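Working notes, structure below.
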Amino acid sequence: MNEYDSNRIYDSVKEIDYEKTDNLFEANCYVLNTCHIREKATEKVYHDIGRVKKIFRNKIKPIVLVAGCVAQAEGDILLKREKYIDAVIGPQSYHHFKKTILKLEDNAKKINFTDFDVNKKFDNLNMTRNTNSNVSSFLTIQEGCDKFCKFCVVPYTRGAEHSRSIKELINETKELVDNGVREITLLGQNVNAYNFQKSKLSNLIYEISKIKNLKRIRYTTSHPIDFSEDLIEAHKISQKLMPLIHLPVQSGSSKILKKMNRKHSIKDYLDLINNLKKANSKIKFSSDFIIGYPGETNEDFNQTLKLLRNVEFINSYSFAFSPRPGTPAARMEKVNDNIVKERLVTFQNEADRIKMKYRKGLFNNFSWVMFENEMRIKGKFFGRDEFSNSVIANSNLDLKGKILKVKIIEGNKNTLFGELEGERNKVFAA
C-alpha cells in the first residue's frame, strides 16, 4: 500500500513540476514514506534524515517531508525532536502534498496534516491521473480496519474501514490498463471487508474482469472472518483471479488467537481453507505469523508448527512479536526474548523446508508466467507465475507484458529459473 501511495504522491506533485531523481545529492525535496507496523520504524526515520542532513551540510537545505503511518502516529513528536523536518503528512492526507510543498516553498512554518478525512483524500487523488505503467500494478480499494487486533496499530494510523466506489476503481483500472498494466493487485488493510453500497470484493472482481486487456487479478490482505461465500465462489468462477490467497492467521493456537482478538478459531480457519479448496483445487495459501505473542507457551508454539505443516503454506512471513505503542498488547507481559528467538528460528527453518519441497515439485513442470521486465543483463527476463513465484528466463525477444508457458528447470528459496516452451535458450542463475 505504501508503494501505491508513493506513486500517487508523485502523480500529484508532478502537477507542480516536481520530478523524481535517482541522485539524492541533487534533490530539493525529500519525502520519507513510512510504515509503523514493526518497532524501530521511528528510529529509522531519524537515521534516514541524519543521512540527508549530512549530505546537505554545506548545501541549501531541501524540503523534508515525513509521510505515512509514523507521521500519523508521532507527528508532533517528530516535528519537536527533529527540526530538519518541515512537515508531517498522515496517510489520509496525501491530497495536501501539493499545497504543503507550495507553502514550504513560500517559507511557511512547520506543517502537520494528520487528519482522517479519507473521503477527501480519494476525491482529490481521483482527479490526478495514475501514470503507473508497470506490467503489474497495485490499486488501493479499501483502507483502515475495524477489527482492533490487540497487537495492531492500523486502526490508530489508518482509521476506520473505508471502501472506494466501484465506479472510481473501474475508471482507475482502465487508466492503468491503458498505460500498459496487465495485472492488478487490489489492496486493503482488510481487503475482503470491501463494501461500497452493498457491492463486495467479489462484485468488484467481476466488474474489472470485464476490462479486455487486464489479464490477472490478485488481492491482499484478507481477514479470515470477512471471507464470505460470494468471494469463495469468485475463486471458482473468475478466470482472471489468481489462485494464491494470502490469508494471515498469526498463530496456530486458538487460545492465542483469542488473546489477540482475532475473532476466529483454528477450526474456523481450517474450515475456510477446505471450502476454498473445494471451490478451486488449484488454490494455495501464504500467511503471516507472529511468534512469541504474550502468553504463548511451548504448546501454543507447537500448535503453530502443526498448522504450518498441515496447510503447507507456499510462503510464510514470520516475525517475533513487536509491541506497538498504544496497542493493548504493548502492555502485556512479553515472552523471554531468547525463547522467542529460538522459536522463530525453528519456525522459519520448517517454513523454508516446506517451501523448498513445494518448489522442487515444480521442477521439470510447466508454469504460466507473466513477464514484467527485462533485467539488467540483456536477454534475461523477470516474471511471476500464477502463484506469484518469481521466475527468470532467457529470450532474444521482448517478453514484457506477455504470458508464456515456461518449463521450470531449477530454483532456490527466492527464485525459479526456467526455459520458454519451444526455445532451447538455457537459463542462467548468475
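FYI, nothing fancy with the C-alpha cells labels: chains A, B, ... in order, residues from 1 per chain, ligands from 1 as they appear.
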Residues near Arg384 of chain A, cut-off 10 Å, only C-alpha atoms, skip fewer than 4 positions along chain, as an MDAnalysis selection string: chainID A and resid 136 367:372 388:392 403 415:416
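Near segment 44-59 of chain A, within a cut-off of 9 Å and counting only C-alpha atoms, sit the residues Leu24, Phe25, Tyr30, Leu32, Thr34, Val66, Val70, Leu78, Glu82, Tyr84 and Ile85 of chain A, with same-chain residues fewer than 6 positions away left out.
Distance-wise, atom CA of Leu244 of chain A and atom CA of Glu374 of chain A end up 24.4 Å apart.
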Nearest residue to Tyr219 of chain A from the set A:Gln142, A:Thr42, A:Asn171, A:Asn315 (distances using only C-alpha atoms):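 Under the stated criterion, the closest residue is A:Gln142.
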For Ser318 of chain A: contacts at 7 Å, only C-alpha atoms, fewer than 4 positions along chain excluded, given as a ChimeraX atom specification: /A:288-291
Save the residues we just selected, N, CA and C atoms, as a short mmCIF file (atom, residue, chain, number, x, y, z; two decimals), in the first residue's frame?
```cif
data_model
loop_
_atom_site.label_atom_id
_atom_site.label_comp_id
_atom_site.auth_asym_id
_atom_site.auth_seq_id
_atom_site.Cartn_x
_atom_site.Cartn_y
_atom_site.Cartn_z
N ASP A 288 0.76 -14.93 7.41
CA ASP A 288 1.61 -14.20 8.36
C ASP A 288 1.53 -14.88 9.72
N PHE A 289 2.66 -14.87 10.43
CA PHE A 289 2.73 -15.47 11.76
C PHE A 289 3.46 -14.54 12.71
N ILE A 290 2.91 -14.37 13.90
CA ILE A 290 3.60 -13.68 14.99
C ILE A 290 4.09 -14.74 15.96
N ILE A 291 5.39 -14.78 16.16
CA ILE A 291 5.99 -15.77 17.07
C ILE A 291 6.31 -15.08 18.40
#
```
Sel. of strand (DSSP E or B) residues, segment 26-214 of chain A, as a ChimeraX atom specification: /A:29-34,63-68,87-89,111-113,136-143,162-163,183-188,195-196,199-200
Long-range neighbours of segment 13-17 of chain A as a list in words, 12 Å cut-off, only C-alpha atoms, 3 positions minimum in chain: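 Listed by chain and then number, they are Ser6, Asn7, Arg8, Ile9, Tyr10, Lys20, Cys29, Val31, Tyr94, His95, His96, Phe97, Lys98, Lys99, Thr100, Ile101, Leu102, Glu105, Leu125, Met127, Thr128, Arg129, Asn130 and Thr131 of chain A.
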Let's have the selection written as a PDB file, in the first residue's frame, with N, CA and C atoms.
```pdb
ATOM      1  N   SER A   6       2.965   6.016  -2.570  1.00  0.00           N
ATOM      2  CA  SER A   6       4.126   6.776  -3.047  1.00  0.00           C
ATOM      3  C   SER A   6       3.957   7.160  -4.514  1.00  0.00           C
ATOM      4  N   ASN A   7       3.446   6.226  -5.321  1.00  0.00           N
ATOM      5  CA  ASN A   7       3.217   6.532  -6.732  1.00  0.00           C
ATOM      6  C   ASN A   7       2.173   7.625  -6.900  1.00  0.00           C
ATOM      7  N   ARG A   8       1.121   7.587  -6.068  1.00  0.00           N
ATOM      8  CA  ARG A   8       0.068   8.612  -6.178  1.00  0.00           C
ATOM      9  C   ARG A   8       0.554   9.969  -5.674  1.00  0.00           C
ATOM     10  N   ILE A   9       1.416   9.953  -4.653  1.00  0.00           N
ATOM     11  CA  ILE A   9       2.022  11.208  -4.194  1.00  0.00           C
ATOM     12  C   ILE A   9       2.804  11.839  -5.331  1.00  0.00           C
ATOM     13  N   TYR A  10       3.586  11.004  -6.034  1.00  0.00           N
ATOM     14  CA  TYR A  10       4.383  11.529  -7.141  1.00  0.00           C
ATOM     15  C   TYR A  10       3.489  12.051  -8.267  1.00  0.00           C
ATOM     16  N   LYS A  20      10.970  12.997 -10.178  1.00  0.00           N
ATOM     17  CA  LYS A  20      11.801  12.068  -9.405  1.00  0.00           C
ATOM     18  C   LYS A  20      13.252  12.221  -9.811  1.00  0.00           C
ATOM     19  N   CYS A  29      13.691  18.318  -2.631  1.00  0.00           N
ATOM     20  CA  CYS A  29      12.576  17.905  -1.785  1.00  0.00           C
ATOM     21  C   CYS A  29      12.742  16.421  -1.487  1.00  0.00           C
ATOM     22  N   VAL A  31      11.083  13.107   0.437  1.00  0.00           N
ATOM     23  CA  VAL A  31       9.874  12.546   1.054  1.00  0.00           C
ATOM     24  C   VAL A  31      10.192  11.164   1.599  1.00  0.00           C
ATOM     25  N   TYR A  94      -2.792  12.705   1.927  1.00  0.00           N
ATOM     26  CA  TYR A  94      -1.862  12.857   0.807  1.00  0.00           C
ATOM     27  C   TYR A  94      -2.331  13.876  -0.226  1.00  0.00           C
ATOM     28  N   HIS A  95      -3.621  14.182  -0.217  1.00  0.00           N
ATOM     29  CA  HIS A  95      -4.121  15.202  -1.142  1.00  0.00           C
ATOM     30  C   HIS A  95      -3.607  16.597  -0.767  1.00  0.00           C
ATOM     31  N   HIS A  96      -2.966  16.731   0.399  1.00  0.00           N
ATOM     32  CA  HIS A  96      -2.406  18.019   0.819  1.00  0.00           C
ATOM     33  C   HIS A  96      -0.948  18.210   0.379  1.00  0.00           C
ATOM     34  N   PHE A  97      -0.374  17.228  -0.313  1.00  0.00           N
ATOM     35  CA  PHE A  97       1.046  17.306  -0.656  1.00  0.00           C
ATOM     36  C   PHE A  97       1.385  18.543  -1.475  1.00  0.00           C
ATOM     37  N   LYS A  98       0.634  18.780  -2.538  1.00  0.00           N
ATOM     38  CA  LYS A  98       0.940  19.940  -3.393  1.00  0.00           C
ATOM     39  C   LYS A  98       0.874  21.233  -2.586  1.00  0.00           C
ATOM     40  N   LYS A  99      -0.214  21.379  -1.836  1.00  0.00           N
ATOM     41  CA  LYS A  99      -0.402  22.593  -1.044  1.00  0.00           C
ATOM     42  C   LYS A  99       0.718  22.751  -0.020  1.00  0.00           C
ATOM     43  N   THR A 100       1.120  21.649   0.608  1.00  0.00           N
ATOM     44  CA  THR A 100       2.170  21.697   1.622  1.00  0.00           C
ATOM     45  C   THR A 100       3.499  22.151   1.022  1.00  0.00           C
ATOM     46  N   ILE A 101       3.874  21.563  -0.091  1.00  0.00           N
ATOM     47  CA  ILE A 101       5.151  21.928  -0.719  1.00  0.00           C
ATOM     48  C   ILE A 101       5.144  23.385  -1.166  1.00  0.00           C
ATOM     49  N   LEU A 102       4.031  23.833  -1.745  1.00  0.00           N
ATOM     50  CA  LEU A 102       3.955  25.238  -2.185  1.00  0.00           C
ATOM     51  C   LEU A 102       4.064  26.197  -1.003  1.00  0.00           C
ATOM     52  N   GLU A 105       7.691  26.192   0.091  1.00  0.00           N
ATOM     53  CA  GLU A 105       8.479  26.989  -0.858  1.00  0.00           C
ATOM     54  C   GLU A 105       8.355  28.478  -0.536  1.00  0.00           C
ATOM     55  N   LEU A 125      -7.393  12.608  -5.176  1.00  0.00           N
ATOM     56  CA  LEU A 125      -6.495  11.755  -5.974  1.00  0.00           C
ATOM     57  C   LEU A 125      -7.198  11.251  -7.231  1.00  0.00           C
ATOM     58  N   MET A 127      -8.841  12.939  -9.179  1.00  0.00           N
ATOM     59  CA  MET A 127      -8.687  13.970 -10.206  1.00  0.00           C
ATOM     60  C   MET A 127      -7.270  14.011 -10.764  1.00  0.00           C
ATOM     61  N   THR A 128      -6.383  13.194 -10.189  1.00  0.00           N
ATOM     62  CA  THR A 128      -4.994  13.128 -10.648  1.00  0.00           C
ATOM     63  C   THR A 128      -4.781  11.816 -11.382  1.00  0.00           C
ATOM     64  N   ARG A 129      -4.320  11.886 -12.602  1.00  0.00           N
ATOM     65  CA  ARG A 129      -4.158  10.687 -13.421  1.00  0.00           C
ATOM     66  C   ARG A 129      -3.116   9.760 -12.816  1.00  0.00           C
ATOM     67  N   ASN A 130      -3.435   8.453 -12.752  1.00  0.00           N
ATOM     68  CA  ASN A 130      -2.486   7.441 -12.287  1.00  0.00           C
ATOM     69  C   ASN A 130      -1.599   7.065 -13.462  1.00  0.00           C
ATOM     70  N   THR A 131      -0.313   7.391 -13.374  1.00  0.00           N
ATOM     71  CA  THR A 131       0.591   7.214 -14.522  1.00  0.00           C
ATOM     72  C   THR A 131       1.412   5.932 -14.447  1.00  0.00           C
TER      73      THR A 131
END
```
Mind dumping a table of every segment 287-326 of chain A residue within 10 Å of segment 152-169 of chain A, with the nearest atom pair and its distance in Å to one decimal, using only C-alpha atoms, sorted by chain and rising number, as JSON lines?
```
{"residue": "A:Ser322", "atom": "CA", "partner": "A:Cys152", "partner_atom": "CA", "distance": 9.6}
{"residue": "A:Pro323", "atom": "CA", "partner": "A:Cys152", "partner_atom": "CA", "distance": 8.7}
{"residue": "A:Arg324", "atom": "CA", "partner": "A:Val153", "partner_atom": "CA", "distance": 6.5}
{"residue": "A:Pro325", "atom": "CA", "partner": "A:Val153", "partner_atom": "CA", "distance": 8.0}
{"residue": "A:Gly326", "atom": "CA", "partner": "A:Val153", "partner_atom": "CA", "distance": 7.6}
```
How would the residues just chosen look if you wrote them out with N, CA and C atoms as a JSON list (two decimals), in the first residue's frame?
```json
[["chain", "number", "residue", "atom", "x", "y", "z"],
["A", 322, "SER", "N", 6.31, -7.79, 18.11],
["A", 322, "SER", "CA", 6.88, -6.45, 18.20],
["A", 322, "SER", "C", 5.83, -5.52, 18.80],
["A", 323, "PRO", "N", 5.95, -5.16, 20.07],
["A", 323, "PRO", "CA", 4.92, -4.32, 20.71],
["A", 323, "PRO", "C", 4.85, -2.93, 20.10],
["A", 324, "ARG", "N", 3.66, -2.53, 19.66],
["A", 324, "ARG", "CA", 3.47, -1.20, 19.09],
["A", 324, "ARG", "C", 2.87, -0.28, 20.13],
["A", 325, "PRO", "N", 3.48, 0.89, 20.32],
["A", 325, "PRO", "CA", 2.98, 1.84, 21.32],
["A", 325, "PRO", "C", 1.50, 2.16, 21.11],
["A", 326, "GLY", "N", 0.75, 2.12, 22.20],
["A", 326, "GLY", "CA", -0.67, 2.47, 22.14],
["A", 326, "GLY", "C", -1.60, 1.31, 21.93]]
```
In segment 66-213 of chain A, DSSP helix (DSSP H, G or I) residues written as a PyMOL selection string: chain A and resi 69-81+94-105+118-125+154-157+166-179+191-193+201-209
Atomic distance atom CA of Ser209 of chain A - atom CA of Val406 of chain A, expressed in Å with one decimal: 24.5 Å
Nearby residues (only C-alpha atoms) at most 8 Å from Pro328 of chain A, same-chain spacing under 4 positions excluded, as a PyMOL selection string: chain A and resi 150-151+332
Kindly save the residues from that selection, with N, CA and C atoms included, as a short mmCIF file (atom, residue, chain, number, x, y, z; two decimals), in the first residue's frame.
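Output file result-v3.cif is given in full below:
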```
data_model
loop_
_atom_site.label_atom_id
_atom_site.label_comp_id
_atom_site.auth_asym_id
_atom_site.auth_seq_id
_atom_site.Cartn_x
_atom_site.Cartn_y
_atom_site.Cartn_z
N LYS A 150 -5.30 -6.92 19.01
CA LYS A 150 -4.63 -6.23 20.12
C LYS A 150 -3.17 -5.89 19.86
N PHE A 151 -2.58 -6.48 18.82
CA PHE A 151 -1.18 -6.20 18.50
C PHE A 151 -1.03 -5.13 17.42
N MET A 332 1.10 -6.01 27.69
CA MET A 332 1.13 -7.39 28.18
C MET A 332 2.55 -7.85 28.48
#
```
Near-Asn134 of chain A list (10 Å; only C-alpha atoms; drop same-chain fewer than 5 positions) as a PyMOL selection string: chain A and resi 176-177+179-183+372-373+400-401
Would you save the residues from that selection as a PDB file, in the first residue's frame, using N, CA and C atoms?
```
ATOM      1  N   LEU A 176      -4.997   2.446 -15.774  1.00  0.00           N
ATOM      2  CA  LEU A 176      -3.768   1.671 -15.640  1.00  0.00           C
ATOM      3  C   LEU A 176      -3.581   0.721 -16.820  1.00  0.00           C
ATOM      4  N   VAL A 177      -4.666   0.063 -17.246  1.00  0.00           N
ATOM      5  CA  VAL A 177      -4.577  -0.856 -18.383  1.00  0.00           C
ATOM      6  C   VAL A 177      -4.203  -0.094 -19.654  1.00  0.00           C
ATOM      7  N   ASN A 179      -2.311   2.363 -19.707  1.00  0.00           N
ATOM      8  CA  ASN A 179      -0.875   2.654 -19.552  1.00  0.00           C
ATOM      9  C   ASN A 179       0.001   1.449 -19.894  1.00  0.00           C
ATOM     10  N   GLY A 180      -0.604   0.251 -19.972  1.00  0.00           N
ATOM     11  CA  GLY A 180       0.158  -0.959 -20.248  1.00  0.00           C
ATOM     12  C   GLY A 180       0.139  -1.980 -19.126  1.00  0.00           C
ATOM     13  N   VAL A 181      -0.577  -1.667 -18.036  1.00  0.00           N
ATOM     14  CA  VAL A 181      -0.686  -2.608 -16.919  1.00  0.00           C
ATOM     15  C   VAL A 181      -1.520  -3.814 -17.352  1.00  0.00           C
ATOM     16  N   ARG A 182      -1.069  -5.009 -16.992  1.00  0.00           N
ATOM     17  CA  ARG A 182      -1.794  -6.231 -17.353  1.00  0.00           C
ATOM     18  C   ARG A 182      -2.214  -7.047 -16.124  1.00  0.00           C
ATOM     19  N   GLU A 183      -1.688  -6.697 -14.965  1.00  0.00           N
ATOM     20  CA  GLU A 183      -2.046  -7.389 -13.725  1.00  0.00           C
ATOM     21  C   GLU A 183      -2.293  -6.353 -12.633  1.00  0.00           C
ATOM     22  N   GLU A 372       7.373  -9.285 -16.479  1.00  0.00           N
ATOM     23  CA  GLU A 372       7.189  -7.897 -16.089  1.00  0.00           C
ATOM     24  C   GLU A 372       8.251  -6.970 -16.642  1.00  0.00           C
ATOM     25  N   ASN A 373       9.484  -7.434 -16.756  1.00  0.00           N
ATOM     26  CA  ASN A 373      10.538  -6.543 -17.227  1.00  0.00           C
ATOM     27  C   ASN A 373      11.798  -7.313 -17.629  1.00  0.00           C
ATOM     28  N   LYS A 400       8.195  -8.584 -22.236  1.00  0.00           N
ATOM     29  CA  LYS A 400       7.460  -7.737 -21.302  1.00  0.00           C
ATOM     30  C   LYS A 400       5.960  -7.717 -21.622  1.00  0.00           C
ATOM     31  N   GLY A 401       5.146  -8.033 -20.604  1.00  0.00           N
ATOM     32  CA  GLY A 401       3.699  -7.996 -20.739  1.00  0.00           C
ATOM     33  C   GLY A 401       3.083  -9.267 -21.288  1.00  0.00           C
TER      34      GLY A 401
END
```
Residue among A:His235, A:Glu229, A:Ile170, A:Lys378 lying closest to Lys210 of chain A, counting only C-alpha atoms: A:Ile170
Å distance separating atom CA of Ile354 of chain A from atom CA of Gly411 of chain A, one decimal place: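 Rounded to one decimal, the two atoms are 14.3 Å apart.
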Selection: 10 Å around Ala193 of chain A, only C-alpha atoms, excl. self and same-chain fewer than 4 positions, as a list in words: Gln142, Glu143, Gly144, Cys145, Asp146, Glu161, His162, Ser163, Gly188, Gln189, Lys200, Leu201, Thr221, Ser222, His223, Ile225, Asp226, Phe227 and Ser228 of chain A
Of the listed residues A:Leu104, A:Val64, A:Ala393, A:Ile205, that which approaches Ile377 of chain A most closely, counting only C-alpha atoms: A:Ala393
Option closest in space to Pro224 of chain A, from A:Tyr269, A:Phe387, A:Phe366, A:Phe301 [counting only C-alpha atoms]: A:Tyr269
